[in-house]
Every structure is written in C-alpha cells, then in structure tokens.
file query_9.cif (mmCIF, C-alpha atoms)
data_data
#
loop_
_atom_site.label_atom_id
_atom_site.label_comp_id
_atom_site.auth_asym_id
_atom_site.auth_seq_id
_atom_site.Cartn_x
_atom_site.Cartn_y
_atom_site.Cartn_z
CA MET P 12 156.96 58.13 131.21
CA THR P 13 159.78 56.73 129.07
CA ALA P 14 161.37 59.26 126.76
CA ASN P 15 163.66 58.69 123.85
CA VAL P 16 166.82 60.74 123.91
CA ARG P 17 169.12 61.56 120.99
CA VAL P 18 172.87 61.97 121.25
CA THR P 19 175.03 63.30 118.41
CA ARG P 20 178.76 62.78 118.03
CA ARG P 21 180.99 64.18 115.31
CA ALA P 22 184.32 63.24 113.78
CA THR P 23 186.39 64.41 110.84
CA PHE P 24 188.22 62.80 107.96
CA ALA P 25 190.07 63.96 104.89
CA ALA P 26 189.63 62.22 101.55
CA ALA P 27 189.92 62.73 97.82
CA HIS P 28 187.41 61.84 95.14
CA VAL P 29 186.27 62.60 91.63
CA LEU P 30 182.71 62.76 90.36
CA CYS P 31 182.68 61.26 86.91
CA ARG P 32 180.89 58.41 85.17
CA SER P 33 183.18 56.52 82.81
CA GLU P 34 180.31 55.63 80.48
CA TRP P 35 179.44 59.32 79.98
CA SER P 36 181.13 61.79 77.66
CA ASP P 37 183.35 64.54 79.09
CA GLU P 38 180.65 67.04 78.17
CA ARG P 39 177.88 65.17 79.99
CA ASN P 40 180.08 64.69 83.06
CA ARG P 41 180.90 68.41 83.15
CA GLU P 42 177.20 69.26 82.80
CA ALA P 43 176.32 67.00 85.72
CA PHE P 44 179.28 67.50 88.05
CA GLY P 45 180.97 70.76 87.02
CA GLU P 46 184.51 71.15 88.34
CA ASP P 47 184.08 68.06 90.51
CA VAL P 48 185.02 65.98 87.45
CA ASN P 49 188.61 66.80 88.44
CA GLU P 50 190.25 64.96 91.31
CA HIS P 51 190.01 66.99 94.49
CA GLY P 52 189.68 66.53 98.23
CA HIS P 53 187.64 67.64 101.18
CA SER P 54 187.97 67.85 104.93
CA TYR P 55 184.73 66.10 105.81
CA VAL P 56 182.74 66.17 109.03
CA VAL P 57 180.57 63.18 109.86
CA GLU P 58 177.92 63.38 112.56
CA VAL P 59 176.09 60.36 113.92
CA THR P 60 172.95 60.62 116.00
CA VAL P 61 171.90 57.66 118.11
CA GLY P 62 168.81 57.42 120.24
CA GLY P 63 167.16 55.31 122.84
CA THR P 64 166.15 55.35 126.46
CA VAL P 65 168.44 56.57 129.18
CA ASP P 66 169.95 53.74 131.21
CA PRO P 67 169.02 54.48 134.84
CA ASP P 68 172.37 53.14 136.09
CA THR P 69 174.64 55.15 133.78
CA GLY P 70 172.43 58.10 132.90
CA MET P 71 173.36 57.59 129.23
CA VAL P 72 171.70 56.36 126.07
CA VAL P 73 175.07 55.06 124.94
CA ASN P 74 178.61 55.64 126.12
CA LEU P 75 180.17 58.27 123.84
CA SER P 76 183.50 56.43 123.84
CA HIS P 77 181.63 53.47 122.33
CA VAL P 78 180.20 55.77 119.65
CA ASP P 79 183.71 57.08 118.94
CA ASP P 80 185.14 53.55 118.77
CA VAL P 81 182.44 52.32 116.38
CA LEU P 82 182.67 55.40 114.19
CA ARG P 83 186.46 55.12 113.89
CA ARG P 84 186.58 51.34 113.46
CA GLU P 85 183.69 50.98 111.00
CA PHE P 86 184.00 54.16 108.97
CA ILE P 87 186.76 56.71 109.62
CA SER P 88 189.60 54.17 109.43
CA ALA P 89 188.35 53.09 105.99
CA VAL P 90 188.01 56.58 104.47
CA ASP P 91 190.51 58.88 106.18
CA HIS P 92 193.31 59.98 103.85
CA ARG P 93 192.02 57.70 101.11
CA HIS P 94 190.78 58.18 97.57
CA LEU P 95 187.08 57.34 97.83
CA ASN P 96 186.78 56.13 94.22
CA ARG P 97 189.71 53.72 94.41
CA ASP P 98 190.67 52.87 97.98
CA VAL P 99 187.42 52.17 99.85
CA ASP P 100 185.94 48.71 99.40
CA PHE P 101 182.39 49.63 100.39
CA LEU P 102 182.35 52.53 97.90
CA GLN P 103 183.54 50.50 94.91
CA GLY P 104 181.21 51.12 91.99
CA VAL P 105 179.49 53.97 93.87
CA LEU P 106 179.78 57.59 92.80
CA PRO P 107 181.17 59.16 96.02
CA THR P 108 178.82 62.12 96.33
CA ALA P 109 178.07 63.43 99.82
CA GLU P 110 174.71 61.65 99.58
CA ASN P 111 176.26 58.27 98.76
CA ILE P 112 178.97 58.65 101.40
CA ALA P 113 176.31 59.38 104.02
CA LEU P 114 174.26 56.39 102.87
CA ALA P 115 177.29 54.07 102.96
CA ALA P 116 178.24 55.31 106.42
CA PHE P 117 174.69 54.75 107.70
CA ARG P 118 174.63 51.18 106.36
CA ARG P 119 178.00 50.34 107.91
CA LEU P 120 177.28 51.92 111.28
CA GLN P 121 173.65 50.95 111.81
CA PRO P 122 174.21 47.43 113.23
CA ALA P 123 176.94 48.51 115.66
CA PHE P 124 175.03 50.72 118.11
CA LYS P 125 172.55 48.30 119.67
CA PRO P 126 170.76 48.63 122.06
CA ALA P 127 170.85 52.30 121.03
CA ARG P 128 169.49 52.97 117.53
CA LEU P 129 171.31 54.87 114.79
CA LEU P 130 168.91 57.63 113.79
CA LYS P 131 170.94 59.86 111.50
CA VAL P 132 174.25 60.19 109.69
CA ARG P 133 175.16 63.62 108.36
CA VAL P 134 178.18 64.16 106.12
CA VAL P 135 179.39 67.72 105.66
CA GLU P 136 181.52 67.98 102.55
CA SER P 137 182.07 71.74 102.59
CA GLU P 138 180.64 74.79 104.32
CA ASN P 139 178.01 74.88 101.57
CA ASN P 140 177.21 71.19 101.16
CA ALA P 141 175.95 68.45 103.48
CA ALA P 142 173.88 65.31 103.12
CA GLU P 143 172.07 63.28 105.73
CA VAL P 144 170.44 59.90 105.96
CA THR P 145 167.82 59.19 108.61
CA ALA P 146 166.29 55.99 109.89
CA ASP P 147 162.81 55.14 108.68
#
call {"tool": "encode", "arguments": {"input": "query_9.cif", "output": "structure tokens"}}
result
Amino acid sequence: MTANVRVTRRATFAAAHVLCRSEWSDERNREAFGEDVNEHGHSYVVEVTVGGTVDPDTGMVVNLSHVDDVLRREFISAVDHRHLNRDVDFLQGVLPTAENIALAAFRRLQPAFKPARLLKVRVVESENNAAEVTAD
C-alpha cells in the first residue's frame, strides 16, 4: 500500500501594511477595514504543508532543508521587513489581507516543491487571525 504523507514547516516574517482602497471614501474604508486603514505591522507566521510518498531511500517526502530554502528564496526574502502595499512586486495592486497574502504565497511556492506537492499555505497574522489556501 502506498500512502501519502504530509509534512508541515513554518517560518516567520515581519511586515507592514495598510488595508485601504484608494477609490473608496474614508468612511467606507473604515466600515470595511476598521483600524486597519492605518499603517501597521504584524509578526506573521507562514506554514507550508507538502505531501507525497515517502522515498524509500531517504525516508522523507521532501528534505526539510529544501522546504526551508524554497520558502525563504521564493517568499520570505520578498516580504520580510517590507511594506506589503509598496515593496512587494507580486502584491502590487492586491489588498494585502491575510487571505491574499496566503494566496500569493501559495501561487509562488507551488511550482517549487516537485516531486512533492504543495497542499496548504497558512498565514497567521495575529493570535486571532489566520488564513489558509489549500490545493484543489
């Protein structure tokens, strides 16, 4: 029997952002985003879950140092200590909510884990707020 195994790795980054749509009035922005219309920052946690079959030679689905390398190269290096609205190319024109950050991370990371498969990206914005994207 061949079983699929999931492995999750986590990393952290710090970034600033503001939730505000320029085409909306101040009142509408405050109604939608509350205090997040002001510039502020978070210490984020990002978790990636990859899955596949265990390699009989290594006993691993994927080498965790490879997961770390991909995560840092493709995502963390682009967002850590940056302003998500202004400084991150792949978030230009995107409202940097936890949901959109998770979606952007998933899209950037997905091709890099083969033969393992990226199954989930979870972004924790605060102790009360997280968003996750899963593979279809």
call {"tool": "residues_around", "arguments": {"input": "query_9.cif", "residues": "P:Val134", "least_positions_apart": "2", "cutoff": "6 Å", "atoms": "only C-alpha atoms", "output": "ChimeraX atom specification"}}
result
/P:56-57,113,141-142
call {"tool": "write_last_selection", "arguments": {"input": "query_9.cif", "atoms": "C-alpha atoms", "output": "mmCIF file, keeping the file's coordinate frame"}}
result
data_model
loop_
_atom_site.group_PDB
_atom_site.id
_atom_site.type_symbol
_atom_site.label_atom_id
_atom_site.label_comp_id
_atom_site.auth_asym_id
_atom_site.auth_seq_id
_atom_site.Cartn_x
_atom_site.Cartn_y
_atom_site.Cartn_z
ATOM 1 C CA VAL P 56 182.740 66.170 109.030
ATOM 2 C CA VAL P 57 180.570 63.180 109.860
ATOM 3 C CA ALA P 113 176.310 59.380 104.020
ATOM 4 C CA ALA P 141 175.950 68.450 103.480
ATOM 5 C CA ALA P 142 173.880 65.310 103.120
#
call {"tool": "residues_near_point", "arguments": {"input": "query_9.cif", "point": "(176.5, 55.0, 110.7)", "cutoff": "7 Å", "atoms": "all atoms listed in the file", "output": "mmCIF file with C-alpha atoms, in the coordinates of the input"}}
result
data_model
loop_
_atom_site.group_PDB
_atom_site.id
_atom_site.type_symbol
_atom_site.label_atom_id
_atom_site.label_comp_id
_atom_site.auth_asym_id
_atom_site.auth_seq_id
_atom_site.Cartn_x
_atom_site.Cartn_y
_atom_site.Cartn_z
ATOM 1 C CA VAL P 59 176.090 60.360 113.920
ATOM 2 C CA ALA P 116 178.240 55.310 106.420
ATOM 3 C CA PHE P 117 174.690 54.750 107.700
ATOM 4 C CA ARG P 118 174.630 51.180 106.360
ATOM 5 C CA ARG P 119 178.000 50.340 107.910
ATOM 6 C CA LEU P 120 177.280 51.920 111.280
ATOM 7 C CA GLN P 121 173.650 50.950 111.810
ATOM 8 C CA LEU P 129 171.310 54.870 114.790
ATOM 9 C CA VAL P 132 174.250 60.190 109.690
#
call {"tool": "atom_distance", "arguments": {"input": "query_9.cif", "atom1": "atom CA of P:Asp37", "atom2": "atom CA of P:Asn49"}}
result
11.0 Å
call {"tool": "closest_residue", "arguments": {"input": "query_9.cif", "among": "P:Asp79, P:Glu42, P:Glu138, P:Asp66", "to": "P:Thr19", "atoms": "all atoms listed in the file"}}
result
P:Asp79
call {"tool": "atom_distance", "arguments": {"input": "query_9.cif", "atom1": "atom CA of P:Val61", "atom2": "atom CA of P:Leu130"}}
result
5.3 Å
call {"tool": "closest_residue", "arguments": {"input": "query_9.cif", "among": "P:Ala27, P:Asp91, P:Ala43, P:His77", "to": "P:Pro107", "atoms": "all atoms listed in the file"}}
result
P:Ala27
call {"tool": "resolve_selection", "arguments": {"input": "query_9.cif", "expression": "the PyMOL selection byres ((chain P and resi 25) around 8)", "output": "ChimeraX atom specification"}}
result
/P:23-24,26-27,52-55,90-93
call {"tool": "axis_aligned_box", "arguments": {"input": "query_9.cif", "around": "stretch 127-132 of chain P", "padding_each_side": "5 Å", "output": "JSON"}}
result
{"center_x": 171.6, "center_y": 56.2, "center_z": 115.4, "size_x": 15.3, "size_y": 17.9, "size_z": 21.3}
call {"tool": "residues_around", "arguments": {"input": "query_9.cif", "residues": "P:Asn15", "least_positions_apart": "4", "cutoff": "10 Å", "atoms": "all atoms listed in the file", "output": "short mmCIF file (atom, residue, chain, number, x, y, z; two decimals) with C-alpha atoms, in the frame of the given file"}}
result
data_model
loop_
_atom_site.label_atom_id
_atom_site.label_comp_id
_atom_site.auth_asym_id
_atom_site.auth_seq_id
_atom_site.Cartn_x
_atom_site.Cartn_y
_atom_site.Cartn_z
CA GLY P 62 168.81 57.42 120.24
CA GLY P 63 167.16 55.31 122.84
CA THR P 64 166.15 55.35 126.46
CA VAL P 65 168.44 56.57 129.18
CA VAL P 72 171.70 56.36 126.07
#
call {"tool": "closest_residue", "arguments": {"input": "query_9.cif", "among": "P:Glu58, P:Glu50, P:Asp80, P:Asp68", "to": "P:Asn96", "atoms": "all atoms listed in the file"}}
result
P:Glu50
